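In what follows, a single structure is set out as structure tokens and then discussed.
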Amino acid sequence: MAVVRIEIPPRSPYVGVVRLAVSSLARSAGLDEEKVDDIKIAVSEACANAVLNNEEAGSDDPVSITWNEDDRSVRIEVADRGPTVDTSDTDAVDTQGFSTRAVMSYALLKSLVDGCEFEPRDGGGMTTRLLINR
Amino acid sequence: MAVVRIEIPPRSPYVGVVRLAVSSLARSAGLDEEKVDDIKIAVSEACANAVLNNEEAGSDDPVSITWNEDDRSVRIEVADRGPTVDTSDTDAVDTQGFSTRAVMSYALLKSLVDGCEFEPRDGGGMTTRLLINR
Amino acid sequence: MELGLDVQKTGSHAVVDVKGEIDVYTAPKLREKLIELVSEGSYDVVVNLEGVDFLDSTGLGVLVGALKRVKAHDGSLSLVCTQDKILKIFKITGLTKVFPIHETVEAATGA
Amino acid sequence: MELGLDVQKTGSHAVVDVKGEIDVYTAPKLREKLIELVSEGSYDVVVNLEGVDFLDSTGLGVLVGALKRVKAHDGSLSLVCTQDKILKIFKITGLTKVFPIHETVEAATGA
Ligand SMILES: Nc1ncnc2c1ncn2[C@@H]1O[C@H](COP(=O)(O)OP(=O)(O)O)[C@@H](O)[C@H]1O
Ligand SMILES: Nc1ncnc2c1ncn2[C@@H]1O[C@H](COP(=O)(O)OP(=O)(O)O)[C@@H](O)[C@H]1O
């Protein structure tokens with residue numbers, strides 16, 4: 001089972017590097033272009049959430065992205081050391097009735113991949129787990 | 001000082017992912033296209049050497065690539081857990097007088113970056129250290 | 001990663017041509033540009049997404065923010081987009097009901 | 001990562017058009033193709049590198065290996081390359097003295 005790991009500072013300029021690396025891994029894994037695009041967005045969402053939370057909290061610990069593939073699926077984990085986030089409020093709207101960015105992010109994650117879970121980490125931070133069936 | 005780390009299986013299909021990620025980091029760091037190309041080759045050489053040695057030895061431990069940048073320079077380390085390699089024989093030729101791949105690799109590394117060192121690692125394996133001045 | 005932002009004033013509309021990837025790093029640049037336009041008095045804004053090859057929630061957040069700003073001045077924000085992979089993002093998040101989405105800049109400006 | 005390998009026989013020459021990146025992963029595919037040509041009796045080979053945007057020592061090793069094979073049959077291996085970044089690799093490794101490097105396929109085949 002092939003494992004690739006990427007660690008970036010929890011800052012926005014590095015999310016593009018992850019997106020590029022992950023799309024190359026997805027193409028090498030033989031996924032079609034639509035799935036590659038879905039994965040790019042899902043990973044970018046998970047990284048953006050981590051980066052925004054870490055920037056807000058002033059945390060400098062790296063965000064780690066782990067790519068795991070086997071014959072049946074690809075599993076991607078995005079783990080940070082920022083604050084513990086309440087991910088239960090998934091349809092928050094602002095005073096004018098628009099969805100917040102966080103809610104749109106959640107909608108995209110849930111829709112674009114076959115599985116998406118959020119979990120607080122031992123020692124602080126969050127893990128986002130993405131599952132993509134082949 | 002920004003640090004990005006990438007870990008890949010010591011196998012050839014993953015070297016392209018590293019090259020892509022590193023060229024994106026190099027461009028984001030503001031290096032010009034010629035330096036970006038030089039870095040792509042140097043990192044590919046270091047990874048190819050590591051992958052070839054690890055495949056030959058049947059080692060499965062990951063190769064880790066570390067990107068470090070500051071105002072004056074970029075430093076890239078490629079570290080593996082394969083065999084310890086004798087890097088002193090830098091002008092080996094074959095029976096017909098052609099340079100071996102290893103020698104050409106060494107020539108490229110020495111010429112394309114501002115510093116290149118090979119070092120055996122504690123616990124086994126080699127580290128290639130690349131220095132690029134801005 | 002560079003985000004291309006090219007503004008053209010056509011009649012009463014300001015048209016922003018966006019080129020590149022709109023993500024957590026580049027979205028703030030788009031936000032700044034849209035805030036600048038509104039503060040200059042451009043309340044009818046068209047954002048042309050035909051040159052955009054990536055868009056995520058951070059970009060959507062910026063577009064929703066700009067919509068609120070132009071609405072506060074009785075203005076409008078419409079989009080130009082024909083790319084399936086970008087339209088998909090607007091569909092999933094329900095924003096196809098929020099933004100008028102046109103196939104060409106001409107259709108968006110009513111020219 | 002795909003390596004494009006397109007072979008055309010022109011007169012006595014076999015011309016291999018290579019497209020993509022030649023690295024530790026793709027170089028074995030180029031090696032196979034060149035071995036196949038020689039085993040089919042093509043001893044005058046032209047490798048067109050104009051569509052190659054990356055080349056490292058693994059690719060050079062394959063070209064040197066192919067040169068040895070064609071020489072064993074009194075053949076020739078020449079290259080087509082005008083890209084500075086690729087020529088640089090041949091210069092650094094001293095291979096500009098080993099391979100005839102031409103600007104066009106026509107010049108390489110003597111057509
Ligand atoms: N660090 C994280 N790890 C995992 N999931 C997260 C993380 N941060 C946010 N999320 C998820 O993504 C959404 C984004 O939250 P957040 O970044 O706090 O939004 P906002 O832009 O409104 O501040 C949350 O609703 C949650 O679903
Ligand atoms: N794992 C490594 N770490 C650092 N440098 C290496 C490593 N392997 C090889 N090198 C360097 O690159 C060259 C390539 O060696 P090697 O892969 O053994 O060549 P060959 O293709 O002939 O088997 C060596 O001469 C040395 O300079």
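Residues are referred to by chain and number: the chain letter is A, B, ... according to the order shown in the structure tokens, the number counts from 1 in that chain, and ligands are numbered separately from 1 in the order shown.
Interface residues on chain B toward chain A (cut-off 7 Å, only C-alpha atoms): Ala2, Val3, Val4, Arg5, Ile6, Glu7, Ile8, Pro9, Val17, Leu20, Ala21, Ser24 and Leu25 of chain B.
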Quiz item: Which chain C residues are at most 6 Å from chain A (counting only C-alpha atoms), as a VMD selection string?
Solution: chain C and resid 24 to 25 57 61 93
As a JSON list (two decimals) with N, CA and C atoms, in the first residue's frame, which residues of region 26-105 of chain B does DSSP assign to alpha helix (DSSP H)?
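Below is the file that was written, out-v3.json:
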[["chain", "number", "residue", "atom", "x", "y", "z"],
["B", 26, "ALA", "N", 9.71, 26.28, -5.69],
["B", 26, "ALA", "CA", 10.78, 27.14, -6.19],
["B", 26, "ALA", "C", 10.19, 28.39, -6.86],
["B", 27, "ARG", "N", 9.12, 28.20, -7.63],
["B", 27, "ARG", "CA", 8.47, 29.37, -8.25],
["B", 27, "ARG", "C", 7.87, 30.29, -7.20],
["B", 28, "SER", "N", 7.21, 29.70, -6.20],
["B", 28, "SER", "CA", 6.63, 30.52, -5.13],
["B", 28, "SER", "C", 7.72, 31.28, -4.37],
["B", 33, "GLU", "N", 13.09, 31.10, -13.86],
["B", 33, "GLU", "CA", 12.81, 29.82, -14.51],
["B", 33, "GLU", "C", 14.05, 28.95, -14.70],
["B", 34, "GLU", "N", 15.20, 29.58, -14.94],
["B", 34, "GLU", "CA", 16.41, 28.78, -15.12],
["B", 34, "GLU", "C", 16.79, 28.07, -13.82],
["B", 35, "LYS", "N", 16.69, 28.80, -12.70],
["B", 35, "LYS", "CA", 16.99, 28.17, -11.40],
["B", 35, "LYS", "C", 15.96, 27.09, -11.06],
["B", 36, "VAL", "N", 14.70, 27.36, -11.41],
["B", 36, "VAL", "CA", 13.66, 26.35, -11.18],
["B", 36, "VAL", "C", 14.01, 25.07, -11.93],
["B", 37, "ASP", "N", 14.42, 25.21, -13.19],
["B", 37, "ASP", "CA", 14.81, 24.03, -13.98],
["B", 37, "ASP", "C", 16.01, 23.31, -13.38],
["B", 38, "ASP", "N", 16.99, 24.07, -12.93],
["B", 38, "ASP", "CA", 18.18, 23.47, -12.31],
["B", 38, "ASP", "C", 17.79, 22.67, -11.06],
["B", 39, "ILE", "N", 16.91, 23.26, -10.25],
["B", 39, "ILE", "CA", 16.49, 22.60, -9.02],
["B", 39, "ILE", "C", 15.72, 21.32, -9.34],
["B", 40, "LYS", "N", 14.85, 21.39, -10.36],
["B", 40, "LYS", "CA", 14.09, 20.20, -10.77],
["B", 40, "LYS", "C", 15.03, 19.05, -11.10],
["B", 41, "ILE", "N", 16.08, 19.36, -11.87],
["B", 41, "ILE", "CA", 17.03, 18.30, -12.26],
["B", 41, "ILE", "C", 17.79, 17.79, -11.03],
["B", 42, "ALA", "N", 18.30, 18.72, -10.22],
["B", 42, "ALA", "CA", 19.10, 18.31, -9.07],
["B", 42, "ALA", "C", 18.29, 17.43, -8.12],
["B", 43, "VAL", "N", 17.05, 17.83, -7.85],
["B", 43, "VAL", "CA", 16.21, 17.03, -6.94],
["B", 43, "VAL", "C", 15.88, 15.68, -7.57],
["B", 44, "SER", "N", 15.64, 15.68, -8.88],
["B", 44, "SER", "CA", 15.35, 14.41, -9.56],
["B", 44, "SER", "C", 16.55, 13.49, -9.51],
["B", 45, "GLU", "N", 17.76, 14.05, -9.66],
["B", 45, "GLU", "CA", 18.98, 13.24, -9.57],
["B", 45, "GLU", "C", 19.10, 12.62, -8.18],
["B", 46, "ALA", "N", 18.94, 13.45, -7.16],
["B", 46, "ALA", "CA", 19.07, 12.95, -5.80],
["B", 46, "ALA", "C", 18.03, 11.87, -5.52],
["B", 47, "CYS", "N", 16.79, 12.09, -5.98],
["B", 47, "CYS", "CA", 15.73, 11.10, -5.77],
["B", 47, "CYS", "C", 15.99, 9.84, -6.59],
["B", 48, "ALA", "N", 16.44, 10.01, -7.84],
["B", 48, "ALA", "CA", 16.72, 8.84, -8.69],
["B", 48, "ALA", "C", 17.81, 7.99, -8.06],
["B", 49, "ASN", "N", 18.87, 8.62, -7.58],
["B", 49, "ASN", "CA", 19.95, 7.88, -6.94],
["B", 49, "ASN", "C", 19.42, 7.10, -5.74],
["B", 50, "ALA", "N", 18.60, 7.77, -4.93],
["B", 50, "ALA", "CA", 18.04, 7.12, -3.74],
["B", 50, "ALA", "C", 17.14, 5.95, -4.16],
["B", 51, "VAL", "N", 16.26, 6.19, -5.12],
["B", 51, "VAL", "CA", 15.32, 5.15, -5.56],
["B", 51, "VAL", "C", 16.07, 3.96, -6.15],
["B", 52, "LEU", "N", 17.07, 4.22, -6.99],
["B", 52, "LEU", "CA", 17.80, 3.11, -7.61],
["B", 52, "LEU", "C", 18.54, 2.28, -6.57],
["B", 53, "ASN", "N", 19.15, 2.96, -5.61],
["B", 53, "ASN", "CA", 19.86, 2.23, -4.56],
["B", 53, "ASN", "C", 18.91, 1.45, -3.67],
["B", 54, "ASN", "N", 17.76, 2.04, -3.36],
["B", 54, "ASN", "CA", 16.78, 1.38, -2.50],
["B", 54, "ASN", "C", 16.12, 0.20, -3.21],
["B", 55, "GLU", "N", 15.82, 0.38, -4.49],
["B", 55, "GLU", "CA", 15.21, -0.73, -5.25],
["B", 55, "GLU", "C", 16.18, -1.90, -5.32],
["B", 56, "GLU", "N", 17.45, -1.57, -5.60],
["B", 56, "GLU", "CA", 18.47, -2.61, -5.69],
["B", 56, "GLU", "C", 18.59, -3.37, -4.37],
["B", 57, "ALA", "N", 18.50, -2.64, -3.27],
["B", 57, "ALA", "CA", 18.65, -3.25, -1.96],
["B", 57, "ALA", "C", 17.33, -3.82, -1.44],
["B", 101, "ARG", "N", 25.99, 6.17, -15.54],
["B", 101, "ARG", "CA", 24.90, 7.05, -15.15],
["B", 101, "ARG", "C", 25.22, 7.76, -13.83],
["B", 102, "ALA", "N", 25.81, 7.00, -12.89],
["B", 102, "ALA", "CA", 26.12, 7.57, -11.58],
["B", 102, "ALA", "C", 27.06, 8.77, -11.71],
["B", 103, "VAL", "N", 28.02, 8.66, -12.61],
["B", 103, "VAL", "CA", 28.99, 9.74, -12.79],
["B", 103, "VAL", "C", 28.33, 10.96, -13.44],
["B", 104, "MET", "N", 27.44, 10.69, -14.41],
["B", 104, "MET", "CA", 26.74, 11.81, -15.03],
["B", 104, "MET", "C", 25.82, 12.50, -14.01],
["B", 105, "SER", "N", 25.22, 11.69, -13.14],
["B", 105, "SER", "CA", 24.37, 12.24, -12.10],
["B", 105, "SER", "C", 25.18, 13.17, -11.19]]
Check chain B with DSSP on the backbone and list each residue it calls strand (DSSP E or B), as a CSV table (one decimal) with all heavy atoms, in the first residue's frame.
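Final output, saved to out.csv:
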chain,number,residue,atom,x,y,z
B,2,ALA,N,10.6,28.7,6.2
B,2,ALA,CA,9.6,27.8,5.8
B,2,ALA,C,10.1,26.4,5.5
B,2,ALA,O,11.2,26.3,4.9
B,2,ALA,CB,8.9,28.3,4.5
B,3,VAL,N,9.5,25.4,6.1
B,3,VAL,CA,9.9,24.1,5.9
B,3,VAL,C,8.8,23.2,5.3
B,3,VAL,O,7.7,23.3,5.8
B,3,VAL,CB,10.3,23.4,7.2
B,3,VAL,CG1,10.7,21.9,7.0
B,3,VAL,CG2,11.5,24.2,7.9
B,4,VAL,N,9.0,22.6,4.2
B,4,VAL,CA,8.1,21.6,3.7
B,4,VAL,C,8.8,20.3,3.6
B,4,VAL,O,9.9,20.2,3.2
B,4,VAL,CB,7.6,22.1,2.3
B,4,VAL,CG1,6.7,21.0,1.6
B,4,VAL,CG2,6.9,23.4,2.3
B,5,ARG,N,8.0,19.2,4.0
B,5,ARG,CA,8.6,17.9,3.9
B,5,ARG,C,7.7,17.0,3.1
B,5,ARG,O,6.5,17.0,3.2
B,5,ARG,CB,8.8,17.4,5.4
B,5,ARG,CG,9.5,16.1,5.5
B,5,ARG,CD,9.5,15.5,6.9
B,5,ARG,NE,9.9,16.5,7.9
B,5,ARG,CZ,11.1,16.7,8.3
B,5,ARG,NH1,12.1,16.0,7.7
B,5,ARG,NH2,11.4,17.6,9.1
B,6,ILE,N,8.3,16.2,2.3
B,6,ILE,CA,7.6,15.2,1.5
B,6,ILE,C,8.2,13.8,1.7
B,6,ILE,O,9.4,13.7,1.7
B,6,ILE,CB,7.7,15.5,0.0
B,6,ILE,CG1,7.2,17.0,-0.3
B,6,ILE,CG2,6.8,14.6,-0.9
B,6,ILE,CD1,7.4,17.5,-1.7
B,7,GLU,N,7.4,12.8,2.0
B,7,GLU,CA,7.9,11.5,2.1
B,7,GLU,C,7.3,10.6,1.1
B,7,GLU,O,6.0,10.6,0.9
B,7,GLU,CB,7.5,10.9,3.5
B,7,GLU,CG,8.5,11.0,4.5
B,7,GLU,CD,8.0,10.4,5.8
B,7,GLU,OE1,7.3,9.4,5.8
B,7,GLU,OE2,8.4,11.0,6.9
B,8,ILE,N,8.1,9.9,0.3
B,8,ILE,CA,7.6,9.0,-0.7
B,8,ILE,C,8.1,7.6,-0.5
B,8,ILE,O,9.2,7.4,0.1
B,8,ILE,CB,8.0,9.5,-2.2
B,8,ILE,CG1,9.5,9.6,-2.3
B,8,ILE,CG2,7.3,10.8,-2.5
B,8,ILE,CD1,10.0,9.7,-3.7
B,63,VAL,N,11.7,7.6,1.3
B,63,VAL,CA,12.7,8.7,1.1
B,63,VAL,C,12.0,10.0,1.5
B,63,VAL,O,10.9,10.3,1.1
B,63,VAL,CB,13.0,8.7,-0.4
B,63,VAL,CG1,14.0,9.9,-0.7
B,63,VAL,CG2,13.6,7.4,-0.9
B,64,SER,N,12.7,10.8,2.3
B,64,SER,CA,12.1,12.1,2.7
B,64,SER,C,12.9,13.2,2.1
B,64,SER,O,14.1,13.3,2.0
B,64,SER,CB,12.1,12.2,4.2
B,64,SER,OG,13.3,12.6,4.7
B,65,ILE,N,12.1,14.2,1.5
B,65,ILE,CA,12.6,15.4,0.9
B,65,ILE,C,12.3,16.6,1.7
B,65,ILE,O,11.1,16.8,2.0
B,65,ILE,CB,12.1,15.5,-0.6
B,65,ILE,CG1,12.5,14.3,-1.4
B,65,ILE,CG2,12.5,16.8,-1.2
B,65,ILE,CD1,11.5,13.1,-1.4
B,66,THR,N,13.2,17.3,2.1
B,66,THR,CA,13.0,18.5,3.0
B,66,THR,C,13.4,19.8,2.3
B,66,THR,O,14.5,19.9,1.8
B,66,THR,CB,13.7,18.4,4.3
B,66,THR,OG1,13.5,17.1,4.9
B,66,THR,CG2,13.2,19.4,5.3
B,67,TRP,N,12.4,20.7,2.2
B,67,TRP,CA,12.6,22.0,1.6
B,67,TRP,C,12.7,23.0,2.6
B,67,TRP,O,11.8,23.1,3.5
B,67,TRP,CB,11.4,22.3,0.6
B,67,TRP,CG,11.4,23.7,0.1
B,67,TRP,CD1,10.9,24.8,0.8
B,67,TRP,CD2,11.8,24.2,-1.2
B,67,TRP,NE1,11.0,25.9,0.0
B,67,TRP,CE2,11.6,25.6,-1.2
B,67,TRP,CE3,12.4,23.5,-2.3
B,67,TRP,CZ2,11.8,26.3,-2.3
B,67,TRP,CZ3,12.6,24.3,-3.4
B,67,TRP,CH2,12.4,25.7,-3.4
B,68,ASN,N,13.8,23.8,2.6
B,68,ASN,CA,14.0,24.8,3.6
B,68,ASN,C,14.4,26.1,2.9
B,68,ASN,O,15.3,26.1,2.1
B,68,ASN,CB,15.3,24.4,4.4
B,68,ASN,CG,14.9,24.1,5.8
B,68,ASN,OD1,14.7,25.0,6.6
B,68,ASN,ND2,15.0,22.8,6.1
B,69,GLU,N,13.7,27.2,3.2
B,69,GLU,CA,14.1,28.4,2.5
B,69,GLU,C,14.2,29.6,3.4
B,69,GLU,O,13.5,29.7,4.4
B,69,GLU,CB,13.1,28.8,1.3
B,69,GLU,CG,11.8,29.2,1.8
B,69,GLU,CD,10.8,29.6,0.7
B,69,GLU,OE1,10.2,28.6,0.1
B,69,GLU,OE2,10.7,30.8,0.4
B,73,SER,N,18.9,31.7,0.8
B,73,SER,CA,19.1,30.5,0.1
B,73,SER,C,18.0,29.5,0.2
B,73,SER,O,17.1,29.7,1.1
B,73,SER,CB,20.4,29.8,0.6
B,73,SER,OG,20.2,29.5,2.0
B,74,VAL,N,18.0,28.5,-0.6
B,74,VAL,CA,17.1,27.3,-0.4
B,74,VAL,C,18.0,26.1,-0.2
B,74,VAL,O,19.0,26.0,-0.8
B,74,VAL,CB,16.3,27.1,-1.7
B,74,VAL,CG1,15.6,25.8,-1.7
B,74,VAL,CG2,15.3,28.2,-2.0
B,75,ARG,N,17.6,25.3,0.8
B,75,ARG,CA,18.4,24.1,1.1
B,75,ARG,C,17.4,22.9,1.0
B,75,ARG,O,16.3,23.0,1.6
B,75,ARG,CB,19.0,24.1,2.5
B,75,ARG,CG,20.4,24.9,2.4
B,75,ARG,CD,20.9,25.3,3.7
B,75,ARG,NE,20.0,26.2,4.4
B,75,ARG,CZ,19.4,26.0,5.5
B,75,ARG,NH1,19.6,24.9,6.2
B,75,ARG,NH2,18.5,26.9,6.0
B,76,ILE,N,17.8,21.9,0.2
B,76,ILE,CA,17.0,20.8,0.0
B,76,ILE,C,17.7,19.5,0.5
B,76,ILE,O,18.9,19.3,0.1
B,76,ILE,CB,16.6,20.6,-1.5
B,76,ILE,CG1,15.9,21.9,-2.0
B,76,ILE,CG2,15.6,19.4,-1.7
B,76,ILE,CD1,15.7,22.0,-3.5
B,77,GLU,N,17.1,18.7,1.3
B,77,GLU,CA,17.8,17.4,1.7
B,77,GLU,C,16.9,16.3,1.2
B,77,GLU,O,15.7,16.3,1.3
B,77,GLU,CB,17.8,17.3,3.2
B,77,GLU,CG,19.0,18.1,3.8
B,77,GLU,CD,19.1,17.8,5.3
B,77,GLU,OE1,18.6,16.7,5.7
B,77,GLU,OE2,19.7,18.6,6.0
B,78,VAL,N,17.6,15.3,0.6
B,78,VAL,CA,17.0,14.0,0.2
B,78,VAL,C,17.6,12.9,1.0
B,78,VAL,O,18.8,12.7,0.9
B,78,VAL,CB,17.2,13.8,-1.3
B,78,VAL,CG1,16.6,12.5,-1.7
B,78,VAL,CG2,16.5,14.9,-2.1
B,79,ALA,N,16.8,12.3,1.9
B,79,ALA,CA,17.4,11.3,2.8
B,79,ALA,C,16.7,10.0,2.6
B,79,ALA,O,15.5,9.9,2.5
B,79,ALA,CB,17.2,11.8,4.2
B,93,VAL,N,34.3,5.1,-15.5
B,93,VAL,CA,33.9,4.9,-16.9
B,93,VAL,C,33.7,3.4,-17.1
B,93,VAL,O,34.3,2.6,-16.4
B,93,VAL,CB,34.9,5.5,-17.9
B,93,VAL,CG1,34.9,7.0,-17.9
B,93,VAL,CG2,36.3,4.9,-17.7
B,99,SER,N,31.0,7.4,-19.5
B,99,SER,CA,30.7,7.7,-18.1
B,99,SER,C,29.5,6.8,-17.7
B,99,SER,O,28.6,6.7,-18.5
B,99,SER,CB,30.4,9.2,-17.9
B,99,SER,OG,31.5,10.0,-18.2
B,115,GLY,N,25.7,24.0,-4.0
B,115,GLY,CA,26.4,23.1,-3.1
B,115,GLY,C,25.7,21.8,-3.2
B,115,GLY,O,24.5,21.7,-3.3
B,116,CYS,N,26.5,20.7,-3.1
B,116,CYS,CA,26.0,19.4,-3.1
B,116,CYS,C,26.9,18.5,-2.3
B,116,CYS,O,28.0,18.3,-2.6
B,116,CYS,CB,25.8,18.9,-4.5
B,116,CYS,SG,25.3,17.1,-4.6
B,117,GLU,N,26.3,17.9,-1.2
B,117,GLU,CA,27.1,17.0,-0.4
B,117,GLU,C,26.4,15.7,-0.2
B,117,GLU,O,25.1,15.7,-0.1
B,117,GLU,CB,27.3,17.7,1.0
B,117,GLU,CG,28.2,18.8,1.1
B,117,GLU,CD,28.1,19.6,2.4
B,117,GLU,OE1,27.6,19.0,3.4
B,117,GLU,OE2,28.6,20.7,2.4
B,118,PHE,N,27.1,14.6,-0.1
B,118,PHE,CA,26.6,13.3,0.2
B,118,PHE,C,27.1,12.9,1.6
B,118,PHE,O,28.2,13.1,1.9
B,118,PHE,CB,27.0,12.3,-0.8
B,118,PHE,CG,26.8,12.7,-2.2
B,118,PHE,CD1,27.8,13.1,-3.0
B,118,PHE,CD2,25.5,12.7,-2.7
B,118,PHE,CE1,27.6,13.5,-4.3
B,118,PHE,CE2,25.2,13.1,-4.0
B,118,PHE,CZ,26.3,13.5,-4.8
B,119,GLU,N,26.2,12.3,2.4
B,119,GLU,CA,26.6,11.9,3.8
B,119,GLU,C,25.9,10.7,4.2
B,119,GLU,O,24.7,10.6,4.0
B,119,GLU,CB,26.2,13.1,4.7
B,119,GLU,CG,27.0,13.2,5.9
B,119,GLU,CD,26.6,14.4,6.7
B,119,GLU,OE1,27.0,15.6,6.5
B,119,GLU,OE2,25.7,14.2,7.6
B,120,PRO,N,26.6,9.7,4.7
B,120,PRO,CA,25.9,8.5,5.3
B,120,PRO,C,25.1,8.9,6.5
B,120,PRO,O,25.4,9.9,7.2
B,120,PRO,CB,27.1,7.6,5.7
B,120,PRO,CG,28.3,8.2,5.2
B,120,PRO,CD,28.1,9.6,4.9
B,126,MET,N,21.6,7.3,3.0
B,126,MET,CA,22.4,8.4,2.6
B,126,MET,C,21.5,9.7,2.7
B,126,MET,O,20.3,9.7,2.5
B,126,MET,CB,22.8,8.3,1.2
B,126,MET,CG,23.7,7.1,0.9
B,126,MET,SD,25.4,7.3,1.6
B,126,MET,CE,26.1,8.6,0.5
B,127,THR,N,22.2,10.8,2.9
B,127,THR,CA,21.5,12.1,2.7
B,127,THR,C,22.3,12.9,1.6
B,127,THR,O,23.5,13.0,1.6
B,127,THR,CB,21.6,12.9,4.0
B,127,THR,OG1,20.9,12.2,5.1
B,127,THR,CG2,20.9,14.3,3.9
B,128,THR,N,21.5,13.4,0.7
B,128,THR,CA,22.1,14.4,-0.3
B,128,THR,C,21.6,15.8,0.1
B,128,THR,O,20.4,16.0,0.3
B,128,THR,CB,21.6,14.1,-1.7
B,128,THR,OG1,21.9,12.7,-2.0
B,128,THR,CG2,22.3,15.0,-2.7
B,129,ARG,N,22.6,16.7,0.3
B,129,ARG,CA,22.2,18.0,0.7
B,129,ARG,C,22.5,19.0,-0.5
B,129,ARG,O,23.6,19.1,-1.0
B,129,ARG,CB,23.1,18.5,1.8
B,129,ARG,CG,22.6,18.1,3.2
B,129,ARG,CD,23.6,18.7,4.3
B,129,ARG,NE,24.1,17.5,5.1
B,129,ARG,CZ,23.3,16.9,6.0
B,129,ARG,NH1,22.1,17.3,6.2
B,129,ARG,NH2,23.9,15.9,6.6
B,130,LEU,N,21.5,19.7,-0.9
B,130,LEU,CA,21.6,20.7,-2.0
B,130,LEU,C,21.4,22.1,-1.5
B,130,LEU,O,20.6,22.4,-0.6
B,130,LEU,CB,20.5,20.4,-3.0
B,130,LEU,CG,20.4,19.0,-3.6
B,130,LEU,CD1,19.2,18.9,-4.6
B,130,LEU,CD2,21.7,18.6,-4.3
B,131,LEU,N,22.3,23.0,-1.9
B,131,LEU,CA,22.2,24.4,-1.6
B,131,LEU,C,22.0,25.2,-2.8
B,131,LEU,O,22.8,25.0,-3.8
B,131,LEU,CB,23.5,24.8,-0.9
B,131,LEU,CG,23.6,26.3,-0.6
B,131,LEU,CD1,22.8,26.8,0.5
B,131,LEU,CD2,25.1,26.7,-0.3
B,132,ILE,N,21.1,26.1,-2.8
B,132,ILE,CA,20.8,27.0,-3.9
B,132,ILE,C,20.8,28.4,-3.4
B,132,ILE,O,20.0,28.8,-2.6
B,132,ILE,CB,19.5,26.7,-4.6
B,132,ILE,CG1,19.5,25.3,-5.2
B,132,ILE,CG2,19.2,27.7,-5.8
B,132,ILE,CD1,18.8,24.3,-4.3
B,133,ASN,N,21.8,29.3,-3.8
B,133,ASN,CA,21.8,30.7,-3.4
B,133,ASN,C,20.8,31.4,-4.3
B,133,ASN,O,20.6,31.1,-5.4
B,133,ASN,CB,23.2,31.3,-3.6
B,133,ASN,CG,24.2,30.7,-2.6
B,133,ASN,OD1,23.8,30.4,-1.5
B,133,ASN,ND2,25.4,30.4,-3.1
Pick out the residues sitting within 9 Å of Val18 (chain C), and hand them over as a compact mmCIF listing (two decimals) with N, CA and C atoms, in the first residue's frame; count only C-alpha atoms, and ignore anything fewer than 3 positions along from it in its own chain.
# COMPACT_ATOMS: atom_id res chain seq x y z
N LEU C 3 -2.72 35.11 -9.44
CA LEU C 3 -4.10 35.25 -9.86
C LEU C 3 -4.16 36.46 -10.77
N GLY C 4 -4.61 36.26 -12.02
CA GLY C 4 -4.74 37.38 -12.94
C GLY C 4 -6.06 38.09 -12.72
N LEU C 5 -6.01 39.41 -12.56
CA LEU C 5 -7.23 40.19 -12.34
C LEU C 5 -7.20 41.39 -13.27
N ASP C 6 -8.08 41.36 -14.27
CA ASP C 6 -8.09 42.40 -15.28
C ASP C 6 -9.47 43.05 -15.28
N VAL C 7 -9.52 44.36 -15.05
CA VAL C 7 -10.83 45.03 -14.96
C VAL C 7 -11.08 45.89 -16.19
N GLU C 21 -6.07 30.19 -10.37
CA GLU C 21 -6.72 29.39 -9.34
C GLU C 21 -7.16 30.27 -8.18
N ILE C 22 -8.44 30.19 -7.83
CA ILE C 22 -8.94 30.94 -6.67
C ILE C 22 -8.98 29.99 -5.48
N LEU C 30 -8.65 38.64 -4.83
CA LEU C 30 -9.92 38.89 -5.51
C LEU C 30 -10.82 39.75 -4.62
N VAL C 47 -18.20 39.17 -12.82
CA VAL C 47 -16.96 38.43 -12.62
C VAL C 47 -16.91 37.31 -13.66
N ASN C 48 -15.92 37.42 -14.55
CA ASN C 48 -15.77 36.43 -15.63
C ASN C 48 -14.86 35.30 -15.15
N LEU C 49 -15.45 34.12 -14.97
CA LEU C 49 -14.71 32.97 -14.43
C LEU C 49 -14.22 32.02 -15.52
N GLU C 50 -14.31 32.44 -16.79
CA GLU C 50 -13.93 31.53 -17.88
C GLU C 50 -12.45 31.15 -17.83
N GLY C 51 -11.61 32.01 -17.27
CA GLY C 51 -10.17 31.72 -17.20
C GLY C 51 -9.76 31.09 -15.88
N VAL C 52 -10.75 30.69 -15.07
CA VAL C 52 -10.45 30.14 -13.75
C VAL C 52 -10.42 28.62 -13.83
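Summary of the local environment: counting only C-alpha atoms, residues at most 8 Å from region 103-110 of chain C, other than itself and those fewer than 2 positions away along its chain, are Thr10, His13, Val15, Val46, Asn48, Ser78, Leu79, Val80, Cys81, Thr82 and Ile101 of chain C.
Among the candidate residues D:Gly11, D:Asp44, D:Gly75, D:Leu60, the one lying nearest to Thr96 (chain D) is D:Leu60, with distances computed using only C-alpha atoms.
Contact shell of Val38 (chain D) at 10 Å (only C-alpha atoms; same-chain neighbours under 2 positions omitted): D:Ala14, D:Lys33, D:Leu34, D:Ile35, D:Glu36, D:Glu40, D:Gly41, D:Ser42, D:Tyr43, D:Asp44, D:Val45, D:Ala66, D:Arg69, D:Val70, D:His73, D:Gly75.
Each of B:Asp114, B:Asp80, B:Asp94, B:Asp122 was checked against ligand 2 using only C-alpha atoms and all ligand atoms; the smallest atom-to-atom distance is that of B:Asp80.
Atom to atom, atom 15 (O, counted along the ligand's line) of ligand 1 and CA of Val62 (chain C) stand 15.0 Å apart.
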